[in-house]
>>> print(open('coords02.tsv').read())   # TSV, C-alpha atoms
chain	number	residue	atom	x	y	z
A	402	MET	CA	-26.79	-6.78	15.25
A	403	PRO	CA	-23.22	-7.82	14.39
A	404	ILE	CA	-20.61	-5.07	14.23
A	405	ASN	CA	-19.95	-5.60	10.52
A	406	ASP	CA	-23.63	-5.10	9.71
A	407	ALA	CA	-23.72	-1.87	11.73
A	408	MET	CA	-20.62	-0.58	9.95
A	409	GLN	CA	-22.13	-1.44	6.56
A	410	LEU	CA	-25.34	0.38	7.46
A	411	LYS	CA	-23.37	3.46	8.49
A	412	GLU	CA	-21.53	3.37	5.17
A	413	ARG	CA	-24.84	3.05	3.29
A	414	ILE	CA	-26.23	6.03	5.19
A	415	LEU	CA	-23.11	8.09	4.44
A	416	SER	CA	-23.19	7.24	0.76
A	417	PHE	CA	-26.92	8.05	0.62
A	418	LEU	CA	-26.28	11.46	2.20
A	419	GLN	CA	-23.38	12.15	-0.15
A	420	MET	CA	-25.46	11.21	-3.18
A	421	ARG	CA	-28.77	12.84	-2.22
A	422	GLY	CA	-27.65	15.71	-0.02
A	423	PRO	CA	-29.46	17.01	3.08
A	424	SER	CA	-32.11	14.53	4.19
A	425	LEU	CA	-34.60	13.75	6.91
A	426	PRO	CA	-34.41	10.57	9.01
A	427	VAL	CA	-37.55	9.26	7.30
A	428	HIS	CA	-35.80	9.40	3.89
A	429	ILE	CA	-32.77	7.58	5.26
A	430	ALA	CA	-34.94	4.95	6.93
A	431	LYS	CA	-36.76	4.32	3.66
A	432	ALA	CA	-33.52	4.08	1.65
A	433	THR	CA	-31.88	1.65	4.08
A	434	GLY	CA	-34.92	-0.40	5.06
A	435	LEU	CA	-34.55	0.53	8.72
A	436	SER	CA	-37.19	1.84	11.07
A	437	ILE	CA	-37.05	5.58	11.70
A	438	LEU	CA	-35.93	4.87	15.26
A	439	PHE	CA	-32.91	2.80	14.15
A	440	ALA	CA	-32.07	5.23	11.35
A	441	SER	CA	-32.08	8.07	13.89
A	442	ALA	CA	-29.82	6.06	16.20
A	443	PHE	CA	-27.30	5.48	13.39
A	444	LEU	CA	-27.47	9.15	12.45
A	445	SER	CA	-26.73	10.09	16.06
A	446	GLU	CA	-23.68	7.82	16.05
A	447	LEU	CA	-22.43	9.29	12.78
A	448	TYR	CA	-22.94	12.78	14.19
A	449	ALA	CA	-21.02	11.86	17.36
A	450	ASP	CA	-18.19	10.56	15.13
A	451	LYS	CA	-18.28	13.94	13.29
A	452	LYS	CA	-18.93	12.27	9.93
A	453	ILE	CA	-22.19	14.17	9.39
A	454	LYS	CA	-23.72	17.43	10.55
A	455	ILE	CA	-27.19	18.43	11.76
A	456	SER	CA	-28.80	21.64	10.55
A	457	ASN	CA	-30.54	24.11	12.81
A	458	MET	CA	-33.49	23.90	10.42
A	459	LYS	CA	-36.19	21.40	11.21
A	460	VAL	CA	-38.99	19.97	9.16
A	461	GLY	CA	-41.72	19.35	11.71
A	462	SER	CA	-39.67	18.15	14.66
A	463	SER	CA	-37.03	16.33	12.58
A	464	PRO	CA	-33.62	17.88	11.95
A	465	VAL	CA	-31.99	17.75	8.54
A	466	TYR	CA	-28.80	15.66	8.32
A	467	PHE	CA	-26.03	16.21	5.78
A	468	THR	CA	-22.38	15.51	5.04
A	469	PRO	CA	-19.99	18.46	5.49
A	470	ASP	CA	-19.41	18.72	1.72
A	471	LYS	CA	-23.16	19.19	1.06
A	472	GLU	CA	-23.69	22.10	3.48
A	473	SER	CA	-24.15	24.51	0.57
A	474	GLN	CA	-27.28	22.59	-0.51
A	475	LEU	CA	-29.23	23.54	2.62
>>> encode(input="coords02.tsv", output="structure tokens")
Amino acid sequence: MPINDAMQLKERILSFLQMRGPSLPVHIAKATGLSILFASAFLSELYADKKIKISNMKVGSSPVYFTPDKESQL
């Protein structure tokens, strides 16, 4: 996957999280057209870059991801 495509996908994920609020990887995968595995990998990268946060809450075994400005919606 070219670097530009990866950066665009990260931006799409960020804008989705900002618009929708706290979400599960399955919701992000569906919105971006990625598999859950790839969506989770991008979420991990965004978390490592400190652009998103992960809640301590889990739905099943999946954590909830959110942008720092949406923490109050948890």
>>> atom_distance(input="coords02.tsv", atom1="atom CA of A:Lys451", atom2="atom CA of A:Tyr466")
11.8 Å
>>> closest_residue(input="coords02.tsv", among="A:Asp450, A:Leu410, A:Arg421, A:Ala432", to="A:Lys471", atoms="all atoms listed in the file")
A:Arg421
>>> atom_distance(input="coords02.tsv", atom1="atom CA of A:Ala430", atom2="atom CA of A:Leu447")
14.5 Å
>>> closest_residue(input="coords02.tsv", among="A:Gln474, A:Ser416, A:Ser424, A:Ser436", to="A:Val460", atoms="only C-alpha atoms")
A:Ser424
>>> atom_distance(input="coords02.tsv", atom1="atom CA of A:Asp470", atom2="atom CA of A:Lys454")
9.9 Å
>>> residues_around(input="coords02.tsv", residues="A:Ser441", least_positions_apart="4", cutoff="8 Å", atoms="all atoms listed in the file", output="list in words")
Pro426, Ile437 and Ser445 of chain A
>>> closest_residue(input="coords02.tsv", among="A:Leu438, A:Ile453, A:Met408, A:Ile414", to="A:Thr468", atoms="only C-alpha atoms")
A:Ile453
>>> axis_aligned_box(input="coords02.tsv", around="stretch 459-474 of chain A", padding_each_side="3 Å", output="AutoDock Vina command-line options")
--center_x -30.6 --center_y 20.0 --center_z 7.1 --size_x 28.3 --size_y 15.0 --size_z 21.2
>>> closest_residue(input="coords02.tsv", among="A:Leu475, A:Ala449, A:Ile455, A:Gly461", to="A:Gly422", atoms="all atoms listed in the file")
A:Leu475
>>> residues_around(input="coords02.tsv", residues="A:Lys452", least_positions_apart="4", cutoff="10 Å", atoms="all atoms listed in the file", output="list in words")
Lys411, Leu415, Leu444, Glu446, Leu447, Tyr448, Phe467, Thr468 and Pro469 of chain A
>>> build_atoms(input="coords02.tsv", residues="stretch 433-447 of chain A", atoms="N, CA, C and O atoms", output="tab-separated table (two decimals), keeping the file's coordinate frame")
chain	number	residue	atom	x	y	z
A	433	THR	N	-32.66	2.73	3.49
A	433	THR	CA	-31.88	1.65	4.08
A	433	THR	C	-32.73	0.48	4.55
A	433	THR	O	-32.20	-0.57	4.90
A	434	GLY	N	-34.05	0.66	4.59
A	434	GLY	CA	-34.92	-0.40	5.06
A	434	GLY	C	-34.98	-0.52	6.57
A	434	GLY	O	-35.45	-1.51	7.10
A	435	LEU	N	-34.51	0.52	7.26
A	435	LEU	CA	-34.55	0.53	8.72
A	435	LEU	C	-35.81	1.24	9.20
A	435	LEU	O	-36.45	1.97	8.44
A	436	SER	N	-36.13	1.03	10.47
A	436	SER	CA	-37.19	1.84	11.07
A	436	SER	C	-36.63	3.24	11.30
A	436	SER	O	-35.41	3.43	11.34
A	437	ILE	N	-37.51	4.20	11.47
A	437	ILE	CA	-37.05	5.58	11.70
A	437	ILE	C	-36.24	5.66	12.99
A	437	ILE	O	-35.25	6.38	13.06
A	438	LEU	N	-36.63	4.88	13.98
A	438	LEU	CA	-35.93	4.87	15.26
A	438	LEU	C	-34.48	4.41	15.08
A	438	LEU	O	-33.55	5.05	15.58
A	439	PHE	N	-34.27	3.31	14.36
A	439	PHE	CA	-32.91	2.80	14.15
A	439	PHE	C	-32.11	3.74	13.24
A	439	PHE	O	-30.93	3.97	13.47
A	440	ALA	N	-32.76	4.28	12.22
A	440	ALA	CA	-32.07	5.23	11.35
A	440	ALA	C	-31.60	6.44	12.16
A	440	ALA	O	-30.46	6.89	12.01
A	441	SER	N	-32.44	6.93	13.04
A	441	SER	CA	-32.08	8.07	13.89
A	441	SER	C	-30.92	7.72	14.82
A	441	SER	O	-30.04	8.55	15.06
A	442	ALA	N	-30.91	6.50	15.32
A	442	ALA	CA	-29.82	6.06	16.20
A	442	ALA	C	-28.50	6.03	15.43
A	442	ALA	O	-27.46	6.49	15.93
A	443	PHE	N	-28.52	5.50	14.21
A	443	PHE	CA	-27.30	5.48	13.39
A	443	PHE	C	-26.86	6.89	13.04
A	443	PHE	O	-25.66	7.20	13.03
A	444	LEU	N	-27.82	7.76	12.75
A	444	LEU	CA	-27.47	9.15	12.45
A	444	LEU	C	-26.83	9.83	13.66
A	444	LEU	O	-25.87	10.59	13.51
A	445	SER	N	-27.32	9.53	14.85
A	445	SER	CA	-26.73	10.09	16.06
A	445	SER	C	-25.29	9.62	16.25
A	445	SER	O	-24.42	10.39	16.64
A	446	GLU	N	-25.04	8.34	15.95
A	446	GLU	CA	-23.68	7.82	16.05
A	446	GLU	C	-22.76	8.48	15.03
A	446	GLU	O	-21.62	8.83	15.35
A	447	LEU	N	-23.24	8.65	13.81
A	447	LEU	CA	-22.43	9.29	12.78
A	447	LEU	C	-22.16	10.76	13.14
A	447	LEU	O	-21.07	11.27	12.89
